[in-house]
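The structure file data.cif is reproduced below (mmCIF, C-alpha atoms).
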```cif
data_query
loop_
_atom_site.label_atom_id
_atom_site.label_comp_id
_atom_site.auth_asym_id
_atom_site.auth_seq_id
_atom_site.Cartn_x
_atom_site.Cartn_y
_atom_site.Cartn_z
CA MET X 1 91.03 142.12 91.90
CA SER X 2 87.53 141.47 93.18
CA GLN X 3 86.45 140.76 89.61
CA LEU X 4 89.24 138.19 89.32
CA PHE X 5 88.19 136.67 92.63
CA SER X 6 84.56 136.37 91.57
CA ALA X 7 85.56 134.92 88.19
CA PHE X 8 87.39 132.11 89.97
CA GLY X 9 84.69 131.87 92.61
CA ILE X 10 87.04 132.73 95.44
CA ASP X 11 85.19 133.11 98.69
CA TRP X 12 86.89 133.29 102.08
CA HIS X 13 84.25 130.94 103.50
CA LEU X 14 85.28 128.31 100.99
CA LEU X 15 88.97 129.02 101.54
CA ILE X 16 88.55 128.42 105.25
CA ALA X 17 86.42 125.33 104.64
CA GLN X 18 89.05 123.81 102.34
CA ALA X 19 91.85 124.73 104.73
CA VAL X 20 89.92 123.04 107.54
CA ASN X 21 89.39 120.02 105.29
CA PHE X 22 93.12 119.80 104.71
CA GLY X 23 93.71 120.14 108.44
CA ILE X 24 91.29 117.30 109.17
CA VAL X 25 92.98 115.09 106.58
CA LEU X 26 96.37 116.00 108.03
CA ILE X 27 95.30 115.07 111.56
CA ALA X 28 93.56 111.88 110.42
CA LEU X 29 96.56 110.75 108.38
CA TRP X 30 98.85 111.68 111.27
CA TYR X 31 96.86 109.63 113.72
CA PHE X 32 95.96 106.68 111.51
CA LEU X 33 98.92 106.49 109.15
CA TYR X 34 102.13 108.36 110.00
CA LYS X 35 102.30 107.74 113.72
CA PRO X 36 101.48 104.00 113.67
CA VAL X 37 103.65 103.31 110.62
CA MET X 38 106.58 105.24 112.12
CA ALA X 39 106.07 103.40 115.40
CA THR X 40 106.06 100.09 113.52
CA LEU X 41 109.22 101.03 111.64
CA ASP X 42 110.96 102.13 114.85
CA LYS X 43 109.82 99.03 116.67
CA ARG X 44 111.07 96.77 113.92
CA ARG X 45 114.38 98.65 113.77
CA GLU X 46 114.72 98.19 117.53
CA MET X 47 113.90 94.50 117.24
CA ILE X 48 116.47 94.00 114.50
CA ALA X 49 119.10 95.90 116.47
CA LYS X 50 118.29 93.81 119.53
CA GLY X 51 118.48 90.61 117.48
CA VAL X 52 121.88 91.55 116.08
CA ASP X 53 123.09 92.52 119.54
CA ASP X 54 121.80 89.26 121.00
CA ALA X 55 123.55 87.26 118.29
CA ARG X 56 126.80 89.11 118.99
CA LYS X 57 126.42 88.48 122.73
CA ALA X 58 125.67 84.80 122.10
CA GLY X 59 128.79 84.57 119.94
CA GLU X 60 130.87 86.13 122.69
CA LYS X 61 129.36 83.81 125.24
CA LEU X 62 130.10 80.84 122.99
CA ALA X 63 133.74 81.92 122.65
CA GLY X 64 133.91 82.30 126.43
CA ALA X 65 132.38 78.87 126.89
CA ASP X 66 135.04 77.40 124.59
CA GLY X 67 137.72 78.91 126.79
CA VAL X 68 136.10 77.60 129.94
CA ALA X 69 135.75 74.13 128.44
CA ALA X 70 139.39 74.10 127.33
CA ALA X 71 140.54 75.19 130.79
CA ARG X 72 138.41 72.52 132.39
CA VAL X 73 139.78 69.81 130.09
CA ALA X 74 143.35 70.92 130.81
CA ASP X 75 142.62 70.82 134.53
CA ALA X 76 141.13 67.34 134.23
CA ASP X 77 144.20 66.21 132.25
CA LYS X 78 146.51 67.45 134.96
CA LYS X 79 144.47 65.79 137.68
CA ALA X 80 144.36 62.51 135.78
CA ASP X 81 148.14 62.63 135.36
CA GLY X 82 148.52 63.16 139.10
CA ILE X 83 146.18 60.30 139.91
CA LEU X 84 148.01 58.01 137.50
CA ALA X 85 151.39 58.92 138.99
CA THR X 86 150.28 58.26 142.58
CA ALA X 87 148.65 54.99 141.53
CA ARG X 88 151.81 53.89 139.80
CA GLU X 89 153.90 54.79 142.83
CA ALA X 90 151.57 52.90 145.14
CA ALA X 91 151.66 49.90 142.87
CA ASN X 92 155.45 49.94 142.79
CA LYS X 93 155.59 50.12 146.57
CA GLU X 94 153.14 47.25 146.85
CA LYS X 95 155.11 45.21 144.37
CA ALA X 96 158.33 45.76 146.26
CA SER X 97 156.80 44.78 149.57
CA ILE X 98 155.21 41.67 148.06
CA VAL X 99 158.52 40.60 146.50
CA SER X 100 160.46 41.14 149.70
CA ALA X 101 157.86 39.21 151.70
CA ALA X 102 158.04 36.35 149.25
CA GLU X 103 161.83 36.35 149.38
CA SER X 104 161.93 36.20 153.16
CA ARG X 105 159.36 33.46 153.15
CA ALA X 106 161.36 31.45 150.65
CA ALA X 107 164.47 31.91 152.74
CA GLN X 108 162.65 30.68 155.78
CA VAL X 109 161.31 27.66 153.94
CA ALA X 110 164.79 26.84 152.71
CA ALA X 111 166.21 27.18 156.26
CA ASP X 112 163.49 24.91 157.64
CA ALA X 113 164.19 22.28 155.05
CA GLU X 114 167.92 22.39 155.76
CA ALA X 115 167.36 22.04 159.49
CA ARG X 116 165.08 19.12 158.97
CA ALA X 117 167.53 17.42 156.64
CA ALA X 118 170.35 17.87 159.15
CA GLU X 119 168.24 16.35 161.88
CA GLU X 120 167.36 13.41 159.63
CA VAL X 121 171.04 12.87 158.94
CA SER X 122 171.95 12.88 162.62
CA ARG X 123 169.07 10.61 163.42
CA ALA X 124 170.15 8.16 160.70
CA ARG X 125 173.64 8.33 162.04
CA ARG X 126 172.46 7.56 165.58
CA GLU X 127 170.42 4.62 164.31
CA SER X 128 173.25 3.23 162.32
CA GLU X 129 175.58 3.62 165.34
CA LYS X 130 173.06 1.62 167.39
CA ASP X 131 172.91 -1.06 164.68
CA ILE X 132 176.66 -1.21 164.45
CA ALA X 133 176.94 -1.61 168.23
CA ARG X 134 174.43 -4.39 168.24
CA LEU X 135 176.11 -6.14 165.37
CA ALA X 136 179.44 -5.81 167.12
CA LEU X 137 177.88 -7.22 170.20
CA LEU X 138 176.49 -10.20 168.26
CA ALA X 139 179.82 -10.74 166.55
CA ALA X 140 181.64 -10.73 169.87
CA GLU X 141 179.16 -13.24 171.31
CA LYS X 142 179.65 -15.53 168.37
CA VAL X 143 183.42 -15.34 168.67
CA ILE X 144 183.25 -16.01 172.35
CA ARG X 145 180.98 -19.03 171.77
CA GLU X 146 183.21 -20.54 169.13
CA LYS X 147 186.19 -20.19 171.40
CA ALA X 148 184.47 -21.72 174.23
CA MET G 1 71.13 118.80 77.96
CA HIS G 2 73.39 121.52 76.74
CA SER G 3 74.85 121.64 73.32
CA GLY G 4 78.44 122.66 72.92
CA ILE G 5 80.99 122.99 75.65
CA THR G 6 80.46 125.02 78.78
CA VAL G 7 83.54 125.70 80.80
CA VAL G 8 82.81 126.90 84.31
CA LEU G 9 85.84 128.45 85.96
CA ALA G 10 84.34 128.63 89.44
CA ALA G 11 82.92 125.77 91.44
CA GLU G 12 79.13 125.89 91.38
CA ARG G 13 77.24 126.57 94.53
CA ILE G 14 74.89 123.74 95.47
CA GLY G 15 73.43 125.15 98.66
CA SER G 16 74.49 126.53 101.99
CA VAL G 17 74.95 125.33 105.58
CA PHE G 18 74.61 127.93 108.38
CA GLY G 19 75.24 130.70 105.90
CA PHE G 20 78.37 129.01 104.58
CA PRO G 21 78.21 128.35 100.86
CA VAL G 22 78.54 124.69 99.85
CA THR G 23 79.94 124.09 96.39
CA ASN G 24 80.26 120.90 94.41
CA ALA G 25 84.02 121.02 94.98
CA LEU G 26 83.44 121.14 98.72
CA ILE G 27 81.04 118.18 98.59
CA MET G 28 83.58 116.14 96.66
CA ALA G 29 86.29 117.15 99.12
CA TRP G 30 84.15 115.83 102.00
CA LEU G 31 83.37 112.63 100.13
CA LEU G 32 87.04 112.00 99.34
CA MET G 33 88.04 112.82 102.92
CA ALA G 34 85.56 110.26 104.20
CA ILE G 35 86.93 107.59 101.86
CA LEU G 36 90.54 108.47 102.64
CA ILE G 37 90.04 108.54 106.41
CA ALA G 38 88.10 105.27 106.34
CA GLY G 39 90.92 103.77 104.28
CA VAL G 40 93.69 104.78 106.66
CA TYR G 41 91.54 103.76 109.64
CA PHE G 42 91.28 100.22 108.33
CA PHE G 43 94.91 100.27 107.28
CA ARG G 44 95.94 101.18 110.81
CA ARG G 45 94.00 98.25 112.22
CA SER G 46 95.82 95.86 109.93
CA LEU G 47 99.30 97.07 110.89
CA ALA G 48 101.64 94.32 112.09
CA ILE G 49 105.31 93.87 112.88
CA VAL G 50 105.50 91.31 110.08
CA PRO G 51 104.08 93.38 107.22
CA GLY G 52 101.69 92.31 104.48
CA LYS G 53 102.19 93.41 100.88
CA LEU G 54 100.30 96.69 101.26
CA GLN G 55 102.04 97.58 104.50
CA ALA G 56 105.42 96.69 103.03
CA GLY G 57 104.69 99.00 100.09
CA VAL G 58 103.58 101.84 102.37
CA GLU G 59 106.65 101.38 104.57
CA TRP G 60 108.91 101.33 101.55
CA ALA G 61 107.36 104.61 100.35
CA PHE G 62 107.67 106.14 103.83
CA GLU G 63 111.31 105.23 104.20
CA GLY G 64 112.11 106.44 100.70
CA ALA G 65 110.33 109.74 101.29
CA LEU G 66 111.95 110.19 104.70
CA ASP G 67 115.40 109.46 103.30
CA TYR G 68 114.88 111.93 100.50
CA MET G 69 113.58 114.59 102.89
CA GLY G 70 116.44 113.96 105.28
CA GLU G 71 118.92 114.45 102.44
CA THR G 72 117.19 117.60 101.26
CA LEU G 73 116.76 119.20 104.67
CA GLY G 74 120.09 117.90 105.93
CA SER G 75 118.61 116.45 109.10
CA ASP G 76 116.52 113.37 109.86
CA GLU G 77 114.86 115.18 112.73
CA LEU G 78 113.60 117.96 110.46
CA ALA G 79 112.52 115.37 107.91
CA ARG G 80 110.39 113.65 110.53
CA LYS G 81 108.93 116.98 111.58
CA PHE G 82 107.83 118.06 108.12
CA PHE G 83 107.00 114.62 106.77
CA PRO G 84 103.34 114.74 107.85
CA LEU G 85 102.67 118.04 106.06
CA VAL G 86 104.52 117.16 102.86
CA ALA G 87 103.11 113.63 102.76
CA THR G 88 99.56 114.85 103.40
CA ILE G 89 99.81 117.39 100.58
CA PHE G 90 100.95 114.63 98.25
CA ILE G 91 98.44 112.01 99.39
CA PHE G 92 95.43 114.33 99.46
CA VAL G 93 96.16 116.02 96.12
CA ALA G 94 97.08 112.76 94.41
CA PHE G 95 93.94 111.09 95.78
CA ILE G 96 91.76 113.94 94.47
CA ASN G 97 93.47 114.00 91.08
CA GLU G 98 93.27 110.25 90.58
CA LEU G 99 89.56 110.18 91.32
CA GLU G 100 88.90 113.23 89.17
CA PHE G 101 87.56 111.12 86.29
CA PHE G 102 85.77 108.59 88.46
CA PRO G 103 82.35 107.87 86.97
CA GLY G 104 79.82 110.27 88.41
CA VAL G 105 82.20 113.14 88.96
CA GLY G 106 80.90 115.94 86.76
CA SER G 107 78.15 113.79 85.30
CA LEU G 108 75.86 113.40 88.31
CA GLY G 109 74.11 116.63 89.02
CA LEU G 110 71.04 118.73 89.41
CA MET G 111 69.02 120.60 86.81
CA ARG G 112 68.45 124.13 87.89
CA GLY G 113 66.11 125.58 85.30
CA THR G 114 67.82 124.73 82.06
CA ASP G 115 71.27 124.69 83.65
CA PHE G 116 72.97 121.49 84.65
CA ILE G 117 74.86 121.75 87.93
CA PRO G 118 77.27 118.84 88.57
CA LEU G 119 77.13 117.59 92.14
CA LEU G 120 80.78 116.63 92.30
CA ARG G 121 83.81 118.53 91.09
CA ALA G 122 87.44 117.70 91.83
CA PRO G 123 88.58 120.17 94.52
CA THR G 124 91.86 120.70 92.66
CA THR G 125 89.85 122.29 89.85
CA ASP G 126 88.55 124.86 92.33
CA LEU G 127 90.91 127.73 93.05
CA ASN G 128 89.57 127.92 96.61
CA PHE G 129 91.11 124.56 97.40
CA THR G 130 94.43 125.15 95.67
CA LEU G 131 94.73 128.63 97.18
CA ALA G 132 93.93 127.29 100.66
CA LEU G 133 96.65 124.68 100.18
CA ALA G 134 99.05 127.36 98.90
CA ILE G 135 98.34 129.56 101.93
CA ILE G 136 98.94 126.64 104.31
CA SER G 137 102.19 125.81 102.54
CA PHE G 138 103.23 129.49 102.46
CA LEU G 139 102.50 130.03 106.16
CA THR G 140 104.35 126.84 107.11
CA ILE G 141 107.37 127.91 105.09
CA GLU G 142 107.51 131.43 106.56
CA VAL G 143 106.81 130.33 110.15
CA THR G 144 109.46 127.62 109.86
CA GLY G 145 111.96 130.21 108.65
CA VAL G 146 111.20 132.55 111.53
CA VAL G 147 111.25 129.78 114.15
CA THR G 148 114.47 128.24 112.84
CA LEU G 149 116.51 131.37 112.17
CA GLY G 150 114.90 133.86 114.54
CA ILE G 151 112.84 136.83 113.44
CA PHE G 152 115.75 139.24 112.81
CA LYS G 153 117.91 136.85 110.88
CA TYR G 154 114.97 135.71 108.80
CA ALA G 155 113.83 139.28 108.12
CA GLY G 156 117.43 140.03 107.17
CA LYS G 157 116.91 137.85 104.12
CA TYR G 158 114.36 140.33 102.81
CA VAL G 159 115.34 143.68 104.25
CA ASN G 160 118.96 144.31 103.49
CA LEU G 161 120.27 147.84 103.98
CA LYS G 162 123.95 147.06 103.63
CA SER G 163 124.12 147.73 99.93
CA PRO G 164 121.77 148.85 97.15
CA VAL G 165 122.18 145.52 95.38
CA GLY G 166 121.39 143.65 98.58
CA PHE G 167 118.32 145.85 99.04
CA PHE G 168 116.96 144.95 95.62
CA VAL G 169 117.78 141.29 96.09
CA GLY G 170 115.76 141.46 99.31
CA LEU G 171 112.85 143.08 97.50
CA LEU G 172 112.96 140.38 94.83
CA GLU G 173 112.97 137.74 97.56
CA ILE G 174 109.83 139.23 99.08
CA LEU G 175 108.13 139.32 95.69
CA SER G 176 109.11 135.78 94.80
CA ASN G 177 107.92 134.54 98.19
CA LEU G 178 104.55 136.24 97.79
CA GLY G 179 104.45 135.04 94.22
CA ARG G 180 104.57 131.48 95.51
CA LEU G 181 100.97 131.90 96.65
CA ILE G 182 99.98 132.51 93.04
CA THR G 183 102.29 129.99 91.40
CA PHE G 184 101.40 127.26 93.89
CA SER G 185 97.66 127.72 93.54
CA PHE G 186 97.49 128.38 89.80
CA ARG G 187 99.94 125.64 88.83
CA LEU G 188 97.81 122.96 90.42
CA PHE G 189 94.49 124.53 89.47
CA GLY G 190 95.58 125.26 85.91
CA ASN G 191 97.00 121.81 85.21
CA ILE G 192 94.06 119.86 86.54
CA PHE G 193 91.38 122.22 85.26
CA ALA G 194 92.98 122.33 81.82
CA GLY G 195 93.10 118.54 81.84
CA GLU G 196 89.37 118.38 82.45
CA VAL G 197 88.72 120.86 79.68
CA VAL G 198 90.95 118.91 77.30
CA VAL G 199 89.07 115.69 78.08
CA MET G 200 85.77 117.52 77.60
CA VAL G 201 86.84 118.96 74.26
CA ALA G 202 88.19 115.58 73.13
CA GLY G 203 84.88 114.01 74.06
CA TYR G 204 83.12 116.59 71.94
CA PHE G 205 85.25 116.00 68.86
CA LEU G 206 85.87 112.27 69.02
CA PRO G 207 83.66 110.70 71.66
CA TYR G 208 84.27 107.12 72.92
CA PHE G 209 87.83 106.87 71.59
CA LEU G 210 89.83 109.92 72.49
CA PRO G 211 88.81 110.70 76.10
CA ALA G 212 89.99 107.43 77.67
CA PRO G 213 93.72 107.68 76.77
CA LEU G 214 93.62 111.38 77.58
CA MET G 215 92.11 110.60 80.97
CA GLY G 216 94.99 108.21 81.59
CA PHE G 217 97.44 110.94 80.67
CA GLU G 218 95.63 113.46 82.86
CA MET G 219 95.75 111.05 85.78
CA PHE G 220 99.50 110.89 85.29
CA ILE G 221 99.61 114.69 85.20
CA GLY G 222 97.56 114.71 88.40
CA LEU G 223 100.15 112.49 90.11
CA VAL G 224 102.98 114.68 88.86
CA GLN G 225 101.25 117.81 90.13
CA ALA G 226 100.79 116.23 93.56
CA VAL G 227 104.53 115.44 93.64
CA VAL G 228 105.38 118.96 92.44
CA PHE G 229 103.28 120.65 95.12
CA ALA G 230 104.75 118.48 97.89
CA ILE G 231 108.36 118.72 96.67
CA LEU G 232 108.19 122.48 96.15
CA THR G 233 106.89 122.89 99.68
CA LEU G 234 109.85 120.81 100.86
CA PHE G 235 112.35 122.88 98.84
CA PHE G 236 110.92 126.18 100.03
CA ILE G 237 111.12 124.96 103.63
CA LYS G 238 114.76 124.13 102.95
CA LEU G 239 115.34 127.62 101.50
CA ALA G 240 113.61 129.21 104.48
CA ILE G 241 115.74 127.43 107.09
CA MET G 242 119.00 128.05 105.24
CA ASP G 243 121.21 130.56 106.97
CA PRO G 244 121.51 133.66 104.74
CA ALA G 245 125.23 133.78 105.44
CA GLU G 246 125.62 130.24 104.12
CA ALA G 247 123.20 130.72 101.24
CA HIS G 248 125.24 133.38 99.47
#
```
The structure given in the file should be rewritten as structure tokens.
Amino acid sequence: MSQLFSAFGIDWHLLIAQAVNFGIVLIALWYFLYKPVMATLDKRREMIAKGVDDARKAGEKLAGADGVAAARVADADKKADGILATAREAANKEKASIVSAAESRAAQVAADAEARAAEEVSRARRESEKDIARLALLAAEKVIREKA
Amino acid sequence: MHSGITVVLAAERIGSVFGFPVTNALIMAWLLMAILIAGVYFFRRSLAIVPGKLQAGVEWAFEGALDYMGETLGSDELARKFFPLVATIFIFVAFINELEFFPGVGSLGLMRGTDFIPLLRAPTTDLNFTLALAIISFLTIEVTGVVTLGIFKYAGKYVNLKSPVGFFVGLLEILSNLGRLITFSFRLFGNIFAGEVVVMVAGYFLPYFLPAPLMGFEMFIGLVQAVVFAILTLFFIKLAIMDPAEAH
């Protein structure tokens, strides 16, 4: 056994030295390679997961916003309908009042005109009665003078 | 220089630090560690949420490896726990094996008397390195088994007194587990060392032409061996955490 060991140059000092060398390489690679690369991989995985999650959330939010917008539009439609209806009603009322005012005014104007016409007629009649009386008077005078 | 081919099974000793021997394989291990650590240090500083090409490639490899480990171990949490060990085995071994034929490795050296001592030698061609790796892998596997299943349940995989057949199966399990130390270390050592020898021999017979394609092939083998070491560690961890009641 010891002959075999010496043939291959096996020496426990060298065994330990090479084992320590491997240990140093292991620690160095751990610190400079495995840990940082794993951390980078994990970090990137996290970032991608977060990105996907954010996109999903944004999509949900967008869908929600669509709903809100639709509700708001429907609300506005309803309100506009209400406003239109009240405006129409007010306009109708206004129209009716204007028409009735105009009608009463026209009636009054017509009544005034009638009254004035009647007065004119009676005045003309009074004038003509006066004329007739005077003419009769003149005629009577003339007759009396001829007879005399 | 030397004529003919000299094959040196053991890594040559260059000197010593505080009584600890320093071999050419150890020097190369330090050099490669420095390059590797500097590389990941600068890579870390360039990390960003929006990745560049290199980072995208590394992330792709990480996610692929993690997925595969999660499938094998049956849990993403366990995959994350063992990923550093398995990945480091692969990265370190692959890095060593790919730079095995880098100019200067095996050709730069010292003359000691008439002997040429290369200053750099791929650590995977030194049994000390592969055995150290095998021991780390072995200990991780066994400790994981004990921690996951509990000491009695885990020991029950190996010591089974319910039936004679079960007893021998348990003995075989112990042997095969201990055998992993040898198979792990010699598989990697043998493949890479043999590759170097093949390239050396090819260079002796047909210099300039034959070594280059062989080096390419050996680099491929080096990558495969790195995968094999890492994947076997993963599989043995899976075997260790499997409940014996479910396993049979």
Taking the file as shown, what set of residues would the PyMOL selection byres ((chain X) within 7 of (chain G)) give back, as a PyMOL selection string?
-> chain X and resi 7-10+13-15+18-19+25-26+28-30+32-34+36+40+44
Would you output that residue set with C-alpha atoms, as a PDB file, in the coordinates of the input?
```pdb
ATOM      1  CA  ALA X   7      85.560 134.920  88.190  1.00  0.00           C
ATOM      2  CA  PHE X   8      87.390 132.110  89.970  1.00  0.00           C
ATOM      3  CA  GLY X   9      84.690 131.870  92.610  1.00  0.00           C
ATOM      4  CA  ILE X  10      87.040 132.730  95.440  1.00  0.00           C
ATOM      5  CA  HIS X  13      84.250 130.940 103.500  1.00  0.00           C
ATOM      6  CA  LEU X  14      85.280 128.310 100.990  1.00  0.00           C
ATOM      7  CA  LEU X  15      88.970 129.020 101.540  1.00  0.00           C
ATOM      8  CA  GLN X  18      89.050 123.810 102.340  1.00  0.00           C
ATOM      9  CA  ALA X  19      91.850 124.730 104.730  1.00  0.00           C
ATOM     10  CA  VAL X  25      92.980 115.090 106.580  1.00  0.00           C
ATOM     11  CA  LEU X  26      96.370 116.000 108.030  1.00  0.00           C
ATOM     12  CA  ALA X  28      93.560 111.880 110.420  1.00  0.00           C
ATOM     13  CA  LEU X  29      96.560 110.750 108.380  1.00  0.00           C
ATOM     14  CA  TRP X  30      98.850 111.680 111.270  1.00  0.00           C
ATOM     15  CA  PHE X  32      95.960 106.680 111.510  1.00  0.00           C
ATOM     16  CA  LEU X  33      98.920 106.490 109.150  1.00  0.00           C
ATOM     17  CA  TYR X  34     102.130 108.360 110.000  1.00  0.00           C
ATOM     18  CA  PRO X  36     101.480 104.000 113.670  1.00  0.00           C
ATOM     19  CA  THR X  40     106.060 100.090 113.520  1.00  0.00           C
ATOM     20  CA  ARG X  44     111.070  96.770 113.920  1.00  0.00           C
TER      21      ARG X  44
END
```
Taking the file as shown, what set of residues would the PyMOL selection byres ((chain G and resi 151-162) around 10) give back, as a PyMOL selection string?
-> chain G and resi 142-150+163-175+177+240-245+247
Tell me, in Å to one decimal, how far atom CA of X:Phe5 is from atom CA of G:Arg180.
->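 Atom CA of G:Arg180 lies at a distance of 17.4 Å from atom CA of X:Phe5.
Here atom CA of X:Ala49 and atom CA of G:Ser46 stand 24.2 Å from one another.
Going from atom CA of G:Phe116 over to atom CA of G:Val198, you cover 19.6 Å.
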Resolved residues for the PyMOL selection byres ((chain G and resi 94) around 10) as a VMD selection string | chain G and resid 88 to 93 95 to 100 124 219 to 227
Print the selection's residues with C-alpha atoms to a file, as a compact mmCIF listing (two decimals), in the frame of the given file.
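selection_17.txt, freshly written:
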```txt
# COMPACT_ATOMS: atom_id res chain seq x y z
CA THR G 88 99.56 114.85 103.40
CA ILE G 89 99.81 117.39 100.58
CA PHE G 90 100.95 114.63 98.25
CA ILE G 91 98.44 112.01 99.39
CA PHE G 92 95.43 114.33 99.46
CA VAL G 93 96.16 116.02 96.12
CA PHE G 95 93.94 111.09 95.78
CA ILE G 96 91.76 113.94 94.47
CA ASN G 97 93.47 114.00 91.08
CA GLU G 98 93.27 110.25 90.58
CA LEU G 99 89.56 110.18 91.32
CA GLU G 100 88.90 113.23 89.17
CA THR G 124 91.86 120.70 92.66
CA MET G 219 95.75 111.05 85.78
CA PHE G 220 99.50 110.89 85.29
CA ILE G 221 99.61 114.69 85.20
CA GLY G 222 97.56 114.71 88.40
CA LEU G 223 100.15 112.49 90.11
CA VAL G 224 102.98 114.68 88.86
CA GLN G 225 101.25 117.81 90.13
CA ALA G 226 100.79 116.23 93.56
CA VAL G 227 104.53 115.44 93.64
```
Rebuild N, CA, C and O atoms on stretch 133-146 of chain X, as a PDB file, keeping the file's coordinate frame?
```
ATOM      1  N   ALA X 133     176.602  -1.165 166.885  1.00  0.00           N
ATOM      2  CA  ALA X 133     176.940  -1.610 168.230  1.00  0.00           C
ATOM      3  C   ALA X 133     176.328  -2.971 168.483  1.00  0.00           C
ATOM      4  O   ALA X 133     176.982  -3.855 169.015  1.00  0.00           O
ATOM      5  N   ARG X 134     175.069  -3.102 168.031  1.00  0.00           N
ATOM      6  CA  ARG X 134     174.430  -4.390 168.240  1.00  0.00           C
ATOM      7  C   ARG X 134     175.121  -5.493 167.453  1.00  0.00           C
ATOM      8  O   ARG X 134     175.368  -6.565 167.973  1.00  0.00           O
ATOM      9  N   LEU X 135     175.433  -5.162 166.207  1.00  0.00           N
ATOM     10  CA  LEU X 135     176.110  -6.140 165.370  1.00  0.00           C
ATOM     11  C   LEU X 135     177.467  -6.541 165.994  1.00  0.00           C
ATOM     12  O   LEU X 135     177.824  -7.695 166.009  1.00  0.00           O
ATOM     13  N   ALA X 136     178.149  -5.546 166.496  1.00  0.00           N
ATOM     14  CA  ALA X 136     179.440  -5.810 167.120  1.00  0.00           C
ATOM     15  C   ALA X 136     179.266  -6.713 168.323  1.00  0.00           C
ATOM     16  O   ALA X 136     180.046  -7.639 168.521  1.00  0.00           O
ATOM     17  N   LEU X 137     178.163  -6.426 169.036  1.00  0.00           N
ATOM     18  CA  LEU X 137     177.880  -7.220 170.200  1.00  0.00           C
ATOM     19  C   LEU X 137     177.627  -8.683 169.777  1.00  0.00           C
ATOM     20  O   LEU X 137     178.151  -9.621 170.389  1.00  0.00           O
ATOM     21  N   LEU X 138     176.817  -8.865 168.756  1.00  0.00           N
ATOM     22  CA  LEU X 138     176.490 -10.200 168.260  1.00  0.00           C
ATOM     23  C   LEU X 138     177.759 -10.921 167.790  1.00  0.00           C
ATOM     24  O   LEU X 138     177.958 -12.109 168.075  1.00  0.00           O
ATOM     25  N   ALA X 139     178.596 -10.153 167.060  1.00  0.00           N
ATOM     26  CA  ALA X 139     179.820 -10.740 166.550  1.00  0.00           C
ATOM     27  C   ALA X 139     180.716 -11.210 167.705  1.00  0.00           C
ATOM     28  O   ALA X 139     181.262 -12.311 167.670  1.00  0.00           O
ATOM     29  N   ALA X 140     180.831 -10.418 168.726  1.00  0.00           N
ATOM     30  CA  ALA X 140     181.640 -10.730 169.870  1.00  0.00           C
ATOM     31  C   ALA X 140     181.097 -11.965 170.560  1.00  0.00           C
ATOM     32  O   ALA X 140     181.863 -12.846 170.918  1.00  0.00           O
ATOM     33  N   GLU X 141     179.795 -12.085 170.697  1.00  0.00           N
ATOM     34  CA  GLU X 141     179.160 -13.240 171.310  1.00  0.00           C
ATOM     35  C   GLU X 141     179.509 -14.502 170.555  1.00  0.00           C
ATOM     36  O   GLU X 141     179.844 -15.517 171.159  1.00  0.00           O
ATOM     37  N   LYS X 142     179.346 -14.405 169.256  1.00  0.00           N
ATOM     38  CA  LYS X 142     179.650 -15.530 168.370  1.00  0.00           C
ATOM     39  C   LYS X 142     181.103 -16.010 168.502  1.00  0.00           C
ATOM     40  O   LYS X 142     181.349 -17.198 168.627  1.00  0.00           O
ATOM     41  N   VAL X 143     182.018 -15.037 168.541  1.00  0.00           N
ATOM     42  CA  VAL X 143     183.420 -15.340 168.670  1.00  0.00           C
ATOM     43  C   VAL X 143     183.653 -16.012 169.995  1.00  0.00           C
ATOM     44  O   VAL X 143     184.346 -17.010 170.020  1.00  0.00           O
ATOM     45  N   ILE X 144     183.075 -15.471 171.029  1.00  0.00           N
ATOM     46  CA  ILE X 144     183.250 -16.010 172.350  1.00  0.00           C
ATOM     47  C   ILE X 144     182.691 -17.398 172.348  1.00  0.00           C
ATOM     48  O   ILE X 144     183.283 -18.286 172.896  1.00  0.00           O
ATOM     49  N   ARG X 145     181.563 -17.733 171.768  1.00  0.00           N
ATOM     50  CA  ARG X 145     180.980 -19.030 171.770  1.00  0.00           C
ATOM     51  C   ARG X 145     181.818 -20.034 170.998  1.00  0.00           C
ATOM     52  O   ARG X 145     181.984 -21.150 171.446  1.00  0.00           O
ATOM     53  N   GLU X 146     182.365 -19.656 169.926  1.00  0.00           N
ATOM     54  CA  GLU X 146     183.210 -20.540 169.130  1.00  0.00           C
ATOM     55  C   GLU X 146     184.492 -20.919 169.893  1.00  0.00           C
ATOM     56  O   GLU X 146     184.937 -22.026 169.774  1.00  0.00           O
TER      57      GLU X 146
END
```
